[in-house]
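Peer 1: protein_15.pdb (PDB, C-alpha atoms) pasted underneath:
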ATOM      1  CA  MET A  13      76.820 114.976 189.432
ATOM      2  CA  GLN A  14      75.629 118.523 189.149
ATOM      3  CA  THR A  15      79.101 119.760 189.985
ATOM      4  CA  GLY A  16      80.533 117.736 187.118
ATOM      5  CA  ASN A  17      77.912 119.056 184.725
ATOM      6  CA  ALA A  18      78.480 122.634 185.910
ATOM      7  CA  GLN A  19      82.221 122.281 185.400
ATOM      8  CA  ASN A  20      81.625 120.809 181.963
ATOM      9  CA  ASP A  21      79.251 123.676 181.125
ATOM     10  CA  ASN A  22      81.829 126.227 182.319
ATOM     11  CA  GLY A  23      84.511 124.562 180.231
ATOM     12  CA  LEU A  24      82.295 124.622 177.156
ATOM     13  CA  GLU A  25      81.403 128.252 177.765
ATOM     14  CA  GLN A  26      85.074 129.207 178.072
ATOM     15  CA  GLU A  27      85.904 127.300 174.897
ATOM     16  CA  LEU A  28      83.001 128.988 173.110
ATOM     17  CA  ASN A  29      84.263 132.408 174.215
ATOM     18  CA  LEU A  30      87.768 131.579 172.969
ATOM     19  CA  LEU A  31      86.358 130.380 169.651
ATOM     20  CA  LYS A  32      84.332 133.585 169.307
ATOM     21  CA  LYS A  33      87.455 135.673 169.908
ATOM     22  CA  GLN A  34      89.369 133.603 167.400
ATOM     23  CA  TYR A  35      86.547 134.016 164.878
ATOM     24  CA  GLU A  36      86.551 137.797 165.351
ATOM     25  CA  ARG A  37      90.334 137.965 164.844
ATOM     26  CA  LEU A  38      90.016 135.874 161.684
ATOM     27  CA  ARG A  39      87.176 138.047 160.410
ATOM     28  CA  GLU A  40      89.227 141.199 161.027
ATOM     29  CA  ASP A  41      92.205 139.598 159.267
ATOM     30  CA  LYS A  42      89.962 138.727 156.322
ATOM     31  CA  VAL A  43      88.656 142.290 156.036
ATOM     32  CA  ARG A  44      92.195 143.684 156.292
ATOM     33  CA  THR A  45      93.489 141.214 153.708
ATOM     34  CA  GLU A  46      90.656 142.016 151.307
ATOM     35  CA  GLN A  47      91.386 145.737 151.662
ATOM     36  CA  ASN A  48      95.101 145.139 151.063
ATOM     37  CA  LEU A  49      94.282 143.066 147.999
ATOM     38  CA  LYS A  50      92.052 145.836 146.663
ATOM     39  CA  ASN A  51      94.770 148.444 147.258
ATOM     40  CA  ILE A  52      97.412 146.296 145.571
ATOM     41  CA  GLY A  53      95.084 145.719 142.616
ATOM     42  CA  THR A  54      94.590 149.466 142.271
ATOM     43  CA  GLN A  55      98.343 150.063 142.446
ATOM     44  CA  LEU A  56      98.974 147.349 139.864
ATOM     45  CA  ALA A  57      96.420 148.843 137.476
ATOM     46  CA  GLY A  58      98.062 152.254 137.857
ATOM     47  CA  LEU A  59     101.527 150.853 137.226
ATOM     48  CA  GLU A  60     100.317 148.900 134.198
ATOM     49  CA  GLU A  61      98.759 152.068 132.781
ATOM     50  CA  GLN A  62     101.946 154.017 133.448
ATOM     51  CA  ALA A  63     104.075 151.323 131.774
ATOM     52  CA  ALA A  64     101.753 151.218 128.764
ATOM     53  CA  GLN A  65     101.981 155.007 128.369
ATOM     54  CA  GLN A  66     105.722 155.181 128.926
ATOM     55  CA  TYR A  67     106.879 152.036 127.111
ATOM     56  CA  GLY A  68     103.954 151.114 124.879
ATOM     57  CA  THR A  69     103.211 147.911 126.776
ATOM     58  CA  SER A  70     102.522 146.593 130.248
ATOM     59  CA  ASP A  71     103.356 142.975 129.404
ATOM     60  CA  PRO A  72     106.173 141.815 131.728
ATOM     61  CA  ALA A  73     107.864 139.728 129.003
ATOM     62  CA  LYS A  74     107.876 142.633 126.558
ATOM     63  CA  LEU A  75     109.087 145.013 129.263
ATOM     64  CA  GLY A  76     111.915 142.581 130.042
ATOM     65  CA  GLN A  77     112.833 142.481 126.367
ATOM     66  CA  LEU A  78     112.818 146.292 126.205
ATOM     67  CA  LEU A  79     115.064 146.398 129.259
ATOM     68  CA  GLU A  80     117.556 144.007 127.664
ATOM     69  CA  GLU A  81     117.528 146.085 124.472
ATOM     70  CA  LYS A  82     118.199 149.251 126.490
ATOM     71  CA  ARG A  83     121.043 147.540 128.353
ATOM     72  CA  ALA A  84     122.620 146.432 125.073
ATOM     73  CA  GLU A  85     122.234 149.948 123.658
ATOM     74  CA  ASN A  86     123.813 151.444 126.779
ATOM     75  CA  ALA A  87     126.736 149.007 126.565
ATOM     76  CA  ARG A  88     127.238 149.945 122.900
ATOM     77  CA  LEU A  89     127.142 153.683 123.690
ATOM     78  CA  VAL A  90     129.611 153.292 126.556
ATOM     79  CA  ALA A  91     131.977 151.330 124.289
ATOM     80  CA  GLU A  92     131.768 154.048 121.606
ATOM     81  CA  TYR A  93     132.364 156.755 124.192
ATOM     82  CA  ARG A  94     135.322 154.822 125.606
ATOM     83  CA  GLU A  95     136.849 154.590 122.107
ATOM     84  CA  HIS A  96     136.273 158.298 121.563
ATOM     85  CA  ILE A  97     137.965 159.209 124.858
ATOM     86  CA  ASN A  98     140.856 156.847 124.096
ATOM     87  CA  SER A  99     141.364 158.479 120.703
ATOM     88  CA  ILE A 100     141.451 161.913 122.341
ATOM     89  CA  VAL A 101     143.975 160.711 124.924
ATOM     90  CA  GLU A 102     146.152 159.181 122.172
ATOM     91  CA  GLY A 103     145.997 162.418 120.179
ATOM     92  CA  LEU A 104     146.999 164.452 123.210
ATOM     93  CA  GLN A 105     149.877 162.081 123.949
ATOM     94  CA  LYS A 106     151.137 162.449 120.371
ATOM     95  CA  LEU A 107     151.000 166.217 120.693
ATOM     96  CA  GLU A 108     152.825 166.119 124.027
ATOM     97  CA  ASN A 109     155.516 163.899 122.505
ATOM     98  CA  GLY A 110     156.026 166.355 119.711
ATOM     99  CA  GLY A 111     154.167 164.360 117.092
ATOM    100  CA  GLY A 112     152.138 165.984 114.386
ATOM    101  CA  VAL A 113     148.438 165.953 114.057
TER     102      VAL A 113
END
How does this structure look as structure tokens?

Peer 2:
Amino acid sequence: MQTGNAQNDNGLEQELNLLKKQYERLREDKVRTEQNLKNIGTQLAGLEEQAAQQYGTSDPAKLGQLLEEKRAENARLVAEYREHINSIVEGLQKLENGGGV
């Protein structure tokens, strides 16, 4: 019977050692995750401050709206520039064809 109890004790001791190792890994993961979370929070605060200074807001919805407004403005400017270039090309073609100004 003592052999059975000794084997059982050895098995429990091995399991306890494995559980301790697992606990230590989990604890290290927790510390690492907490540090990462702190770093990400610091980065987020910095980016929010930068956005507020640069765009007047750090609200994602308002920033999205500003982005859409800028895209629309860019599209309008490109269209105006395209028309301007086309008018120059047409004027040059008229001159090349002997047309007056």

Peer 1: So the first atom is atom CA of Glu46 of chain A and the second is atom CA of Gln62 of chain A; what is the distance between them in Å, to one decimal place?

Peer 2: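 Distance between the two atoms: 24.3 Å.
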
Peer 1: How many Å separate atom CA of Glu102 of chain A from atom CA of Ala84 of chain A?

Peer 2: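 Separating atom CA of Glu102 of chain A from atom CA of Ala84 of chain A is a distance of 26.9 Å.
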
Peer 1: Quick one: pull the distance between atom CA of Asn17 of chain A and atom CA of Tyr35 of chain A, Å, one decimal.

Peer 2: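 A separation of 26.3 Å between them.
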